[in-house]
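Peer 1: My file is my_file-v4.cif. It has mmCIF, C-alpha atoms:
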data_data
loop_
_atom_site.label_atom_id
_atom_site.label_comp_id
_atom_site.auth_asym_id
_atom_site.auth_seq_id
_atom_site.Cartn_x
_atom_site.Cartn_y
_atom_site.Cartn_z
CA MET A 541 94.41 63.05 9.93
CA THR A 542 93.09 64.71 6.79
CA VAL A 543 91.01 62.62 4.47
CA THR A 544 91.17 63.60 0.78
CA VAL A 545 88.13 62.87 -1.31
CA PRO A 546 89.20 61.67 -4.75
CA PRO A 547 87.72 63.47 -7.76
CA PRO A 548 85.15 61.65 -9.93
CA PRO A 549 86.72 59.37 -12.43
CA VAL A 550 87.44 61.10 -15.72
CA ARG A 551 86.43 57.96 -17.60
CA ARG A 552 82.92 58.08 -16.11
CA LYS A 553 82.50 61.71 -17.16
CA ARG A 554 83.61 60.88 -20.66
CA SER A 555 81.35 57.83 -20.71
CA VAL A 556 78.25 59.85 -19.80
CA SER A 557 78.97 62.72 -22.21
CA GLY A 558 79.90 60.24 -24.92
CA ARG A 559 76.60 58.40 -24.56
CA VAL A 560 74.70 61.68 -24.69
CA ARG A 561 76.59 62.70 -27.82
CA THR A 562 76.04 59.28 -29.39
CA LEU A 563 72.31 59.23 -28.70
CA ALA A 564 71.96 62.82 -29.85
CA GLY A 565 73.99 62.08 -32.98
CA LEU A 566 71.88 59.03 -33.78
CA SER A 567 68.75 61.10 -33.32
CA LEU A 568 70.04 63.74 -35.73
CA VAL A 569 71.12 61.11 -38.27
CA THR A 570 67.75 59.35 -38.20
CA LEU A 571 65.96 62.71 -38.51
CA ALA A 572 68.10 63.43 -41.57
CA LEU A 573 67.29 59.98 -42.97
CA LEU A 574 63.58 60.54 -42.35
CA LEU A 575 63.74 63.87 -44.15
CA ALA A 576 65.69 62.32 -47.01
CA ALA A 577 63.17 59.47 -47.37
CA ILE A 578 60.23 61.89 -47.42
CA LEU A 579 61.89 64.22 -49.91
CA ALA A 580 62.99 61.34 -52.15
CA GLY A 581 59.44 60.00 -52.22
CA ALA A 582 58.09 63.48 -52.89
CA ALA A 583 60.59 64.03 -55.70
CA SER A 584 59.65 60.71 -57.31
CA THR A 585 55.89 61.25 -57.17
CA GLY A 586 56.38 64.90 -58.10
CA ALA A 587 58.25 63.87 -61.25
CA SER A 588 55.45 61.44 -62.13
CA LEU A 589 52.84 64.15 -61.52
CA ARG A 590 54.72 66.49 -63.84
CA THR A 591 55.03 63.79 -66.50
CA ILE A 592 51.39 62.70 -66.40
CA GLY A 593 49.76 65.98 -65.46
CA HIS A 594 51.81 68.67 -67.16
CA ASP A 595 54.12 67.21 -69.79
CA ALA A 596 53.51 63.86 -71.46
CA GLY A 597 49.91 63.33 -70.34
CA PRO A 598 48.35 66.43 -71.94
CA GLN A 599 50.52 66.00 -75.03
CA VAL A 600 49.45 62.36 -75.42
CA LEU A 601 45.83 63.46 -75.20
CA ALA A 602 46.58 66.06 -77.86
CA THR A 603 48.00 63.40 -80.19
CA ALA A 604 44.94 61.23 -79.47
CA GLY A 605 42.83 63.98 -81.01
CA LEU A 606 45.03 63.85 -84.10
CA TYR A 607 43.27 60.73 -85.40
CA ARG A 608 39.87 62.43 -85.17
CA GLN A 609 41.09 65.64 -86.79
CA MET A 610 42.58 63.74 -89.72
CA SER A 611 39.45 61.60 -90.09
CA GLU A 612 37.34 64.74 -90.16
CA MET A 613 39.59 66.28 -92.81
CA ASP A 614 39.01 63.33 -95.10
CA ALA A 615 35.28 63.26 -94.35
CA LEU A 616 35.00 66.95 -95.20
CA VAL A 617 36.68 66.37 -98.55
CA ALA A 618 34.21 63.57 -99.32
CA GLU A 619 31.31 65.80 -98.27
CA THR A 620 32.35 68.67 -100.54
CA LEU A 621 32.64 66.25 -103.47
CA LEU A 622 29.26 64.67 -102.73
CA LEU A 623 27.40 67.98 -102.52
CA GLY A 624 26.67 69.57 -105.87
CA ARG A 625 26.85 73.15 -107.08
CA GLU A 626 23.47 73.92 -105.48
CA TYR A 627 25.14 73.42 -102.07
CA GLY A 628 27.75 76.14 -102.66
CA PRO A 629 27.51 77.84 -99.20
CA GLN A 630 27.74 74.51 -97.41
CA GLN A 631 30.73 73.48 -99.52
CA GLN A 632 32.46 76.72 -98.55
CA ALA A 633 31.67 76.08 -94.87
CA ASP A 634 33.17 72.59 -95.23
CA LEU A 635 36.34 74.04 -96.75
CA THR A 636 36.60 76.51 -93.85
CA SER A 637 36.27 73.61 -91.39
CA TYR A 638 38.89 71.72 -93.43
CA ASP A 639 41.37 74.59 -92.99
CA GLN A 640 40.65 74.69 -89.24
CA ARG A 641 41.31 70.96 -88.90
CA ARG A 642 44.54 71.37 -90.84
CA LEU A 643 45.69 74.06 -88.37
CA GLU A 644 44.75 71.88 -85.38
CA ILE A 645 46.67 68.96 -86.89
CA SER A 646 49.76 71.14 -87.30
CA GLU A 647 49.58 72.15 -83.63
CA SER A 648 49.09 68.52 -82.52
CA LEU A 649 52.05 67.35 -84.60
CA LEU A 650 54.22 70.11 -83.14
CA LYS A 651 53.33 68.94 -79.62
CA ALA A 652 54.01 65.35 -80.60
CA TYR A 653 57.40 66.29 -82.05
CA ARG A 654 58.38 68.10 -78.84
CA LEU A 655 57.39 65.04 -76.84
CA ALA A 656 59.42 62.77 -79.13
CA LEU A 657 62.69 64.72 -78.85
CA ASP A 658 64.34 61.83 -76.99
CA ASP A 659 62.85 59.07 -79.17
CA PRO A 660 64.13 58.83 -82.78
CA VAL A 661 61.40 56.31 -83.70
CA GLU A 662 58.61 58.67 -82.68
CA GLN A 663 60.39 61.55 -84.38
CA ARG A 664 60.41 59.63 -87.65
CA THR A 665 56.70 58.84 -87.22
CA VAL A 666 55.86 62.52 -86.77
CA GLU A 667 58.05 63.50 -89.72
CA SER A 668 56.39 60.82 -91.85
CA LEU A 669 52.96 62.16 -90.89
CA ILE A 670 53.95 65.70 -91.83
CA GLU A 671 55.24 64.55 -95.21
CA GLY A 672 52.22 62.30 -95.80
CA LEU A 673 49.75 65.06 -94.98
CA GLY A 674 51.42 67.22 -97.59
CA ARG A 675 50.85 64.51 -100.18
CA TYR A 676 47.26 64.05 -99.02
CA GLU A 677 46.49 67.75 -99.39
CA ARG A 678 47.82 67.76 -102.95
CA LEU A 679 45.65 64.78 -103.89
CA ALA A 680 42.59 66.23 -102.15
CA ALA A 681 43.13 69.57 -103.91
CA GLN A 682 43.31 67.75 -107.25
CA ALA A 683 39.99 65.98 -106.55
CA ARG A 684 38.32 69.27 -105.55
CA LEU A 685 39.62 70.99 -108.70
CA LEU A 686 38.25 68.24 -110.94
CA ASP A 687 34.95 68.39 -109.06
CA THR A 688 34.70 72.16 -109.54
CA GLN A 689 35.41 71.80 -113.25
CA SER A 690 32.70 69.15 -113.62
CA GLY A 691 29.99 71.36 -112.11
CA HIS A 692 27.87 68.32 -111.17
CA THR A 693 24.70 68.42 -109.09
CA ALA A 694 24.34 66.72 -105.68
CA GLY A 695 25.14 63.04 -105.87
CA GLN A 696 27.96 60.89 -107.15
CA PRO A 697 30.52 63.04 -109.03
CA PRO A 698 32.17 61.98 -112.31
CA ASP A 699 34.44 58.94 -112.24
CA ASN A 700 37.65 60.96 -112.64
CA VAL A 701 36.76 62.91 -109.47
CA VAL A 702 36.06 59.69 -107.58
CA GLU A 703 39.34 58.15 -108.77
CA ALA A 704 41.30 61.20 -107.65
CA TYR A 705 39.61 61.10 -104.24
CA GLN A 706 40.29 57.36 -103.93
CA LYS A 707 44.03 58.08 -104.06
CA ALA A 708 43.70 60.67 -101.31
CA THR A 709 41.49 58.61 -99.00
CA ASP A 710 43.62 55.48 -99.53
CA LEU A 711 46.66 57.45 -98.40
CA MET A 712 44.77 58.73 -95.38
CA HIS A 713 43.32 55.40 -94.24
CA ARG A 714 46.13 53.04 -95.18
CA GLU A 715 49.11 55.12 -94.09
CA LEU A 716 48.34 58.28 -92.16
CA LEU A 717 45.60 57.21 -89.76
CA PRO A 718 47.45 54.02 -88.70
CA GLN A 719 50.56 56.14 -88.09
CA ALA A 720 48.55 58.62 -86.03
CA TYR A 721 47.04 55.79 -83.98
CA ASN A 722 50.46 54.22 -83.42
CA LEU A 723 51.87 57.59 -82.40
CA THR A 724 49.28 57.85 -79.65
CA LEU A 725 50.10 54.33 -78.47
CA GLU A 726 53.83 55.05 -78.51
CA THR A 727 53.60 58.32 -76.61
CA GLY A 728 51.13 56.72 -74.21
CA THR A 729 53.87 54.35 -73.06
CA ILE A 730 55.63 57.36 -71.48
CA VAL A 731 52.65 57.90 -69.20
CA ARG A 732 52.31 54.20 -68.41
CA ARG A 733 55.99 53.92 -67.54
CA ALA A 734 55.79 56.99 -65.31
CA HIS A 735 52.73 55.57 -63.58
CA ASP A 736 54.30 52.13 -63.05
CA ALA A 737 57.55 53.67 -61.81
CA GLU A 738 55.63 55.91 -59.42
CA ARG A 739 53.69 53.01 -57.91
CA SER A 740 56.83 51.07 -57.02
CA ALA A 741 58.66 54.23 -55.91
CA THR A 742 55.77 55.31 -53.67
CA SER A 743 55.63 51.89 -51.97
CA LEU A 744 59.38 51.94 -51.39
CA ALA A 745 59.33 55.55 -50.18
CA SER A 746 56.46 54.91 -47.76
CA PHE A 747 58.30 51.90 -46.32
CA ALA A 748 61.50 53.94 -45.96
CA VAL A 749 59.63 56.80 -44.27
CA VAL A 750 57.99 54.48 -41.75
CA VAL A 751 61.27 52.70 -40.93
CA THR A 752 63.37 55.86 -40.57
CA GLY A 753 60.56 57.63 -38.69
CA LEU A 754 60.30 54.82 -36.13
CA LEU A 755 64.09 54.76 -35.76
CA ALA A 756 64.13 58.50 -35.17
CA LEU A 757 61.40 58.21 -32.53
CA ALA A 758 63.22 55.31 -30.88
CA CYS A 759 66.46 57.32 -30.71
CA LEU A 760 64.71 60.39 -29.31
CA LEU A 761 62.86 58.35 -26.71
CA GLY A 762 66.08 56.56 -25.80
CA LEU A 763 67.86 59.89 -25.38
CA GLN A 764 64.99 61.24 -23.27
CA VAL A 765 64.98 58.16 -21.01
CA TYR A 766 68.77 58.23 -20.57
CA LEU A 767 68.81 61.91 -19.65
CA THR A 768 65.92 61.41 -17.23
CA ARG A 769 67.64 58.51 -15.44
CA ARG A 770 71.14 59.90 -15.43
CA PHE A 771 70.37 63.48 -14.45
CA ARG A 772 67.26 62.74 -12.40
CA ARG A 773 65.07 65.17 -14.31
CA ILE A 774 61.53 64.29 -15.24
CA LEU A 775 61.55 65.55 -18.82
CA ALA A 776 63.60 67.67 -21.20
CA PRO A 777 61.01 70.02 -22.74
CA ALA A 778 63.03 70.62 -25.94
CA LEU A 779 63.32 66.87 -26.54
CA VAL A 780 59.60 66.39 -25.92
CA VAL A 781 58.79 68.99 -28.57
CA ALA A 782 61.37 67.44 -30.93
CA THR A 783 59.73 64.04 -30.46
CA VAL A 784 56.30 65.51 -31.16
CA LEU A 785 57.60 67.22 -34.30
CA THR A 786 59.21 63.98 -35.48
CA ALA A 787 55.99 62.02 -34.94
CA ALA A 788 54.06 64.74 -36.76
CA GLY A 789 56.60 64.66 -39.61
CA LEU A 790 56.29 60.90 -39.87
CA LEU A 791 52.48 60.95 -39.96
CA THR A 792 52.22 63.99 -42.21
CA GLY A 793 54.90 62.77 -44.60
CA THR A 794 53.31 59.34 -44.93
CA THR A 795 49.85 60.88 -45.39
CA LEU A 796 51.00 63.36 -48.02
CA LEU A 797 52.93 60.72 -49.95
CA ASN A 798 49.84 58.52 -49.94
CA LEU A 799 47.72 61.46 -51.09
CA GLN A 800 50.12 62.05 -53.96
CA GLY A 801 49.96 58.39 -54.92
CA GLU A 802 46.16 58.37 -54.77
CA ALA A 803 45.97 61.57 -56.82
CA LEU A 804 48.25 60.12 -59.46
CA GLU A 805 46.26 56.89 -59.53
CA GLU A 806 43.00 58.80 -59.94
CA ALA A 807 44.52 61.00 -62.64
CA LYS A 808 45.72 57.93 -64.53
CA ARG A 809 42.70 55.65 -64.13
CA ARG A 810 39.67 57.96 -63.98
CA GLY A 811 41.18 60.80 -65.95
CA PHE A 812 43.85 59.96 -68.48
CA ASP A 813 42.73 56.42 -69.38
CA SER A 814 39.06 57.40 -69.66
CA VAL A 815 39.81 60.48 -71.76
CA LEU A 816 42.09 58.48 -74.03
CA THR A 817 39.49 55.73 -74.51
CA LEU A 818 36.63 58.17 -75.14
CA THR A 819 38.79 60.24 -77.50
CA ARG A 820 39.64 57.14 -79.51
CA ALA A 821 35.97 56.16 -79.64
CA ARG A 822 35.08 59.67 -80.77
CA ALA A 823 37.77 59.60 -83.46
CA ILE A 824 36.64 56.23 -84.80
CA SER A 825 33.01 57.43 -84.75
CA MET A 826 34.04 60.46 -86.81
CA SER A 827 35.64 58.08 -89.31
CA MET A 828 32.40 56.06 -89.34
CA HIS A 829 30.44 59.17 -90.28
CA GLY A 830 32.97 59.77 -93.03
CA ASP A 831 32.42 56.23 -94.29
CA GLU A 832 28.75 57.11 -94.73
CA SER A 833 29.57 59.98 -97.07
CA ARG A 834 32.14 57.82 -98.89
CA TYR A 835 29.48 55.12 -99.23
CA LEU A 836 27.27 57.61 -101.06
CA LEU A 837 30.15 59.13 -103.01
CA ASP A 838 31.94 56.08 -104.42
CA ARG A 839 29.77 53.54 -106.25
CA PHE A 840 32.86 51.39 -106.89
CA ARG A 841 33.52 50.81 -103.18
CA LYS A 842 30.09 50.88 -101.57
CA ASP A 843 30.47 47.38 -100.15
CA THR A 844 33.95 48.19 -98.86
CA TYR A 845 32.78 51.27 -96.99
CA GLU A 846 29.82 49.39 -95.54
CA HIS A 847 32.20 46.71 -94.25
CA THR A 848 34.62 49.25 -92.73
CA PHE A 849 31.66 50.99 -91.08
CA LEU A 850 30.75 47.67 -89.44
CA ASP A 851 34.33 47.02 -88.31
CA LYS A 852 34.55 50.43 -86.68
CA SER A 853 31.12 50.00 -85.09
CA LEU A 854 32.28 46.74 -83.51
CA THR A 855 35.36 48.49 -82.16
CA VAL A 856 33.28 51.22 -80.53
CA ALA A 857 30.40 49.06 -79.23
CA ALA A 858 30.64 45.33 -79.89
CA VAL A 859 27.77 42.84 -80.11
CA GLU A 860 27.76 39.47 -81.87
CA SER A 861 26.73 39.96 -85.49
CA THR A 862 27.41 38.73 -89.01
CA SER A 863 26.62 41.84 -91.08
CA LEU A 864 25.83 45.52 -90.65
CA PRO A 865 22.02 45.05 -90.76
CA ASP A 866 22.40 42.18 -88.28
CA TYR A 867 24.57 44.37 -86.02
CA GLN A 868 22.11 47.25 -86.09
CA SER A 869 19.17 44.97 -85.29
CA LYS A 870 20.97 43.24 -82.39
CA LEU A 871 22.51 46.36 -80.83
CA HIS A 872 21.62 46.43 -77.13
CA VAL A 873 22.79 48.20 -74.01
CA ASP A 874 25.01 45.31 -72.86
CA PHE A 875 27.66 46.11 -75.48
CA GLU A 876 31.42 45.77 -75.12
CA GLY A 877 34.23 47.47 -77.00
CA LEU A 878 35.84 50.85 -76.29
CA LEU A 879 32.71 52.19 -74.61
CA GLY A 880 31.97 48.98 -72.72
CA GLY A 881 33.54 50.27 -69.52
CA LEU A 882 30.95 53.00 -69.01
CA THR A 883 28.37 52.50 -66.27
CA GLY A 884 25.15 54.01 -64.97
CA ASP A 885 23.51 57.03 -66.55
CA ASP A 886 26.51 57.72 -68.77
CA ARG A 887 26.21 54.31 -70.39
CA ASN A 888 22.45 54.55 -70.88
CA ARG A 889 22.60 58.07 -72.27
CA LEU A 890 25.43 57.27 -74.66
CA PHE A 891 23.77 54.06 -75.80
CA ALA A 892 20.55 55.90 -76.64
CA ALA A 893 22.46 58.43 -78.76
CA TYR A 894 24.61 55.76 -80.42
CA GLN A 895 21.59 53.57 -81.19
CA LYS A 896 19.78 56.54 -82.76
CA PHE A 897 22.84 57.15 -84.96
CA GLN A 898 22.94 53.50 -86.04
CA GLN A 899 19.20 53.43 -86.73
CA ALA A 900 19.51 56.54 -88.90
CA ASP A 901 22.38 54.91 -90.78
CA ALA A 902 20.26 51.80 -91.40
CA ARG A 903 17.45 53.96 -92.85
CA MET A 904 19.86 55.84 -95.10
CA ARG A 905 21.14 52.61 -96.68
CA THR A 906 17.62 51.65 -97.80
CA MET A 907 17.03 54.91 -99.70
CA PRO A 908 17.75 55.70 -103.37
CA GLY A 909 20.53 58.13 -104.37
CA GLU A 910 19.20 61.69 -104.01
CA ALA A 911 16.86 60.82 -101.11
CA ALA A 912 19.77 59.14 -99.29
CA ILE A 913 21.93 62.25 -99.74
CA LYS A 914 19.22 64.54 -98.37
CA PHE A 915 18.64 62.21 -95.42
CA TRP A 916 22.38 61.98 -94.78
CA ASP A 917 22.67 65.77 -94.90
CA GLY A 918 19.74 66.16 -92.49
CA GLU A 919 18.55 63.55 -89.97
CA LEU A 920 21.59 61.28 -90.18
CA THR A 921 24.08 64.08 -89.56
CA GLU A 922 21.90 65.40 -86.72
CA ALA A 923 21.85 61.92 -85.13
CA TYR A 924 25.64 61.69 -85.42
CA GLU A 925 26.14 65.16 -83.96
CA GLY A 926 23.87 64.30 -81.02
CA TYR A 927 25.91 61.17 -80.34
CA ASP A 928 29.19 63.06 -80.75
CA LYS A 929 27.97 65.73 -78.32
CA VAL A 930 27.44 63.12 -75.60
CA LEU A 931 30.94 61.75 -76.22
CA GLU A 932 32.39 65.25 -76.04
CA GLU A 933 30.65 65.95 -72.72
CA LEU A 934 32.04 62.73 -71.25
CA VAL A 935 35.53 63.60 -72.48
CA ARG A 936 35.32 67.03 -70.84
CA ARG A 937 34.05 65.56 -67.58
CA HIS A 938 36.93 63.12 -67.36
CA GLU A 939 39.35 65.86 -68.35
CA SER A 940 38.05 67.79 -65.33
CA ASP A 941 38.61 64.69 -63.15
CA PHE A 942 42.14 64.46 -64.53
CA GLU A 943 42.92 68.12 -63.84
CA ARG A 944 41.38 67.99 -60.35
CA ALA A 945 43.42 64.92 -59.41
CA ILE A 946 46.62 66.54 -60.65
CA ASP A 947 45.81 69.72 -58.69
CA ASN A 948 45.25 67.64 -55.53
CA GLY A 949 48.58 65.92 -56.03
CA ASP A 950 50.36 69.22 -56.63
CA GLY A 951 48.74 70.65 -53.51
CA ALA A 952 49.93 67.73 -51.39
CA LEU A 953 53.41 68.09 -52.86
CA GLU A 954 53.51 71.82 -52.13
CA THR A 955 52.41 71.24 -48.54
CA LEU A 956 55.06 68.56 -48.09
CA TRP A 957 57.90 70.72 -49.40
CA ARG A 958 56.75 73.70 -47.35
CA TRP A 959 56.21 72.16 -43.90
CA ILE A 960 58.06 68.86 -43.53
CA PRO A 961 61.65 70.16 -43.92
CA ALA A 962 60.92 73.10 -41.60
CA GLY A 963 59.37 70.84 -38.95
CA LEU A 964 62.17 68.27 -38.96
CA ALA A 965 64.85 71.00 -39.04
CA ALA A 966 63.21 72.54 -35.99
CA GLY A 967 63.23 69.11 -34.36
CA ALA A 968 66.97 68.76 -34.99
CA LEU A 969 67.64 72.18 -33.44
CA LEU A 970 65.56 71.24 -30.40
CA VAL A 971 67.60 68.05 -29.98
CA LEU A 972 70.73 70.16 -29.81
CA ALA A 973 69.03 72.59 -27.46
CA GLY A 974 67.95 69.72 -25.23
CA VAL A 975 71.36 68.07 -24.84
CA TRP A 976 73.57 71.16 -24.85
CA PRO A 977 72.94 72.10 -21.15
CA ARG A 978 73.74 68.55 -20.07
CA LEU A 979 76.96 68.44 -22.08
CA ARG A 980 78.07 71.78 -20.58
CA GLU A 981 78.09 70.16 -17.16
CA TYR A 982 80.99 67.99 -18.35
CA ARG A 983 83.14 70.78 -19.76
#
Represent the structure from my file as structure tokens, please.

Peer 2:
Amino acid sequence: MTVTVPPPPVRRKRSVSGRVRTLAGLSLVTLALLLAAILAGAASTGASLRTIGHDAGPQVLATAGLYRQMSEMDALVAETLLLGREYGPQQQADLTSYDQRRLEISESLLKAYRLALDDPVEQRTVESLIEGLGRYERLAAQARLLDTQSGHTAGQPPDNVVEAYQKATDLMHRELLPQAYNLTLETGTIVRRAHDAERSATSLASFAVVVTGLLALACLLGLQVYLTRRFRRILAPALVVATVLTAAGLLTGTTLLNLQGEALEEAKRRGFDSVLTLTRARAISMSMHGDESRYLLDRFRKDTYEHTFLDKSLTVAAVESTSLPDYQSKLHVDFEGLLGGLTGDDRNRLFAAYQKFQQADARMRTMPGEAAIKFWDGELTEAYEGYDKVLEELVRRHESDFERAIDNGDGALETLWRWIPAGLAAGALLVLAGVWPRLREYR
């Protein structure tokens, strides 16, 4: 009697191959999700890096300098009016500096207008500044013409010159400088929004990368275990390499996303914010120095300019005081205000320069007319320039911190885009290579 051995059940064959296909498909899907999560996080942080590091950030810092440039323009006009005909070469040098500031302002306004293309409110602010600066230049030119015609010696010019300058400086300080300051605040919101959006996006992206990466590893390990048990093979080398590549992609992707987030945080906190604060302090200090020349120029508003000098001093470095002499006598290193966040040697060095500037100002206010002008033109201006030089060095240092942080973030982003997709794509191909021989056994 012949015994016929029945063939293996077709259902069992289909069940085994179906499970292999399912596990392999899940592995490929989770690898794709892992890649998508990493690339989405990279795209989000990359957009924030471009906004803060290459687009809005540098342009906001450029508009922050606008306040200082405009303050210096007005101070230069006051200086040329205060100096008499015996200071002809210095007056000409001041006019040359005035033209340079005007060119810098035009460039800053052009950058601000480009930044404001999507914001009608900011566009109107820039347009208003352009129109207002035109009016200011006409008034300043009128004051200089009257001053030239008067031919006065160093000291307070004739009343008609002072009155003409009052119209120009009122326009500058009551309309244009507040608009310039508001423009910086408005454009700065673009950077803050990008930074806030990046922080939440980075947290979400990191969570998504970890979840999808663990799912991918779980699927690959499950596929490896199933093939080992079903086909009685110890390991599938292609799947082992695919698992290693997936784990490496998970760790590298998470690390690079974190590096991007840290770079952006450093660029925002230690770079952008510090530069913006120091630039504002430098601009207000420039306006303070202008108030000194206006104090000597305008006998009608001496008390006003002394009061505005005190207000600006309190903004830059605040201590409790009731008057300018009281402020200058109580000024100590534990100040607050815009520069209150500085620490260590930077704080001590800046305080020493700022205190020297304030002490020189106090001496100038006790001197009679011509002696005060000579002191202002000599020791007082030197004290201010020494203080301004320290501020400028700090600005440049934090600008370097800003640029270095952005470069680090860009480097992490470039590495991510170059290696992660290639590694995970190779892992997907190895998954196919690992299961294909097993599936052929069921064909």

Peer 1: Leaving out range 581-596 of chain A and any residue of its chain fewer than 6 positions from it, which residues lie within 9 Å of it when counting all atoms listed in the file, given as an MDAnalysis selection string?

Peer 2: chainID A and resid 655 727:728 730:732 734:735 737:739 741:746 748:749 793 796:797 800:801 803:804 807:808 812 942:943 945:947 949:950 953 956:957

Peer 1: Can you spit out the residues from that selection as a PDB file, in the frame of the given file, using C-alpha atoms?

Peer 2:
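Everything below was put into part04.pdb:
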ATOM      1  CA  LEU A 655      57.390  65.040 -76.840  1.00  0.00           C
ATOM      2  CA  THR A 727      53.600  58.320 -76.610  1.00  0.00           C
ATOM      3  CA  GLY A 728      51.130  56.720 -74.210  1.00  0.00           C
ATOM      4  CA  ILE A 730      55.630  57.360 -71.480  1.00  0.00           C
ATOM      5  CA  VAL A 731      52.650  57.900 -69.200  1.00  0.00           C
ATOM      6  CA  ARG A 732      52.310  54.200 -68.410  1.00  0.00           C
ATOM      7  CA  ALA A 734      55.790  56.990 -65.310  1.00  0.00           C
ATOM      8  CA  HIS A 735      52.730  55.570 -63.580  1.00  0.00           C
ATOM      9  CA  ALA A 737      57.550  53.670 -61.810  1.00  0.00           C
ATOM     10  CA  GLU A 738      55.630  55.910 -59.420  1.00  0.00           C
ATOM     11  CA  ARG A 739      53.690  53.010 -57.910  1.00  0.00           C
ATOM     12  CA  ALA A 741      58.660  54.230 -55.910  1.00  0.00           C
ATOM     13  CA  THR A 742      55.770  55.310 -53.670  1.00  0.00           C
ATOM     14  CA  SER A 743      55.630  51.890 -51.970  1.00  0.00           C
ATOM     15  CA  LEU A 744      59.380  51.940 -51.390  1.00  0.00           C
ATOM     16  CA  ALA A 745      59.330  55.550 -50.180  1.00  0.00           C
ATOM     17  CA  SER A 746      56.460  54.910 -47.760  1.00  0.00           C
ATOM     18  CA  ALA A 748      61.500  53.940 -45.960  1.00  0.00           C
ATOM     19  CA  VAL A 749      59.630  56.800 -44.270  1.00  0.00           C
ATOM     20  CA  GLY A 793      54.900  62.770 -44.600  1.00  0.00           C
ATOM     21  CA  LEU A 796      51.000  63.360 -48.020  1.00  0.00           C
ATOM     22  CA  LEU A 797      52.930  60.720 -49.950  1.00  0.00           C
ATOM     23  CA  GLN A 800      50.120  62.050 -53.960  1.00  0.00           C
ATOM     24  CA  GLY A 801      49.960  58.390 -54.920  1.00  0.00           C
ATOM     25  CA  ALA A 803      45.970  61.570 -56.820  1.00  0.00           C
ATOM     26  CA  LEU A 804      48.250  60.120 -59.460  1.00  0.00           C
ATOM     27  CA  ALA A 807      44.520  61.000 -62.640  1.00  0.00           C
ATOM     28  CA  LYS A 808      45.720  57.930 -64.530  1.00  0.00           C
ATOM     29  CA  PHE A 812      43.850  59.960 -68.480  1.00  0.00           C
ATOM     30  CA  PHE A 942      42.140  64.460 -64.530  1.00  0.00           C
ATOM     31  CA  GLU A 943      42.920  68.120 -63.840  1.00  0.00           C
ATOM     32  CA  ALA A 945      43.420  64.920 -59.410  1.00  0.00           C
ATOM     33  CA  ILE A 946      46.620  66.540 -60.650  1.00  0.00           C
ATOM     34  CA  ASP A 947      45.810  69.720 -58.690  1.00  0.00           C
ATOM     35  CA  GLY A 949      48.580  65.920 -56.030  1.00  0.00           C
ATOM     36  CA  ASP A 950      50.360  69.220 -56.630  1.00  0.00           C
ATOM     37  CA  LEU A 953      53.410  68.090 -52.860  1.00  0.00           C
ATOM     38  CA  LEU A 956      55.060  68.560 -48.090  1.00  0.00           C
ATOM     39  CA  TRP A 957      57.900  70.720 -49.400  1.00  0.00           C
TER      40      TRP A 957
END

Peer 1: Near Cys759 in chain A, within 10 Å and counting all atoms listed in the file, which residues show up once chain neighbours fewer than 5 positions away are dropped, as a list in words?

Peer 2: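 In the requested format, the answer is Thr562, Leu563, Ala564, Gly565, Leu566, Ser567, Leu568, Val569, Thr570, Leu571, Gly753, Leu754, Gln764, Val765 and Thr783 of chain A.
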
Peer 1: So how many Å separate CA of Arg903 in chain A and CA of Ile824 in chain A, to one decimal?

Peer 2: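 Value for the CA of Arg903 in chain A-CA of Ile824 in chain A distance: 20.9 Å.
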
Peer 1: Show me as a PyMOL selection string the residues that reach within 10 Å of (37.9, 61.1, -111.9), counting all atoms listed in the file and using the file's own coordinates.

Peer 2: chain A and resi 682-683+686-687+690+697-706

Peer 1: Which residues fall under the PyMOL selection byres ((chain A and resi 889) around 12) in this file, as an MDAnalysis selection string?

Peer 2: chainID A and resid 873 879 882:888 890:896 926:931 933:934

Peer 1: With distances taken over only C-alpha atoms, which residue among A:Met610, A:Leu716, A:Val784, A:Ala923 lies nearest Phe897 in chain A?

Peer 2: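 Looking at the shortest contact to Phe897 in chain A, the residue is A:Ala923.
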
Peer 1: Counting all atoms listed in the file, figure out which residue out of A:Asn948, A:Gln719, A:Ser940, A:Gln689 gets nearest to Asn798 in chain A.

Peer 2: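 Once distances to Asn798 in chain A are computed over all atoms listed in the file, the minimum belongs to A:Asn948.
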
Peer 1: Taking the file as I've supplied it (selection: the PyMOL selection byres ((chain A and resi 599-604) around 8)), which residues are included? Please answer as a list in words.

Peer 2: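 Taken on the displayed file, the PyMOL selection byres ((chain A and resi 599-604) around 8) yields the residues Asp595, Ala596, Gly597, Pro598, Gly605, Leu606, Tyr607, Arg608, Ser648, Leu649, Lys651, Ala652, Leu655, Ala720, Tyr721, Leu723, Thr724, Thr727, Gly728, Phe812, Val815, Leu816, Thr819 and Arg820 of chain A.
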
Peer 1: Which residue is closest to Leu717 in chain A? Choose from A:Ala572, A:Leu621, A:Ala823, A:Val781 and count only C-alpha atoms.

Peer 2: A:Ala823

Peer 1: Identify which of the residues A:Gly789, A:Asp710, A:Ser827, A:Leu836 lies closest to Pro908 in chain A, counting all atoms listed in the file when measuring atom-to-atom distances.

Peer 2: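 Among the listed residues, A:Leu836 lies closest to Pro908 in chain A.
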
Peer 1: Could you please determine the separation between CA of Gly695 in chain A and CA of Thr862 in chain A in Å, to one decimal place?

Peer 2: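 Going from CA of Gly695 in chain A over to CA of Thr862 in chain A covers 29.7 Å.
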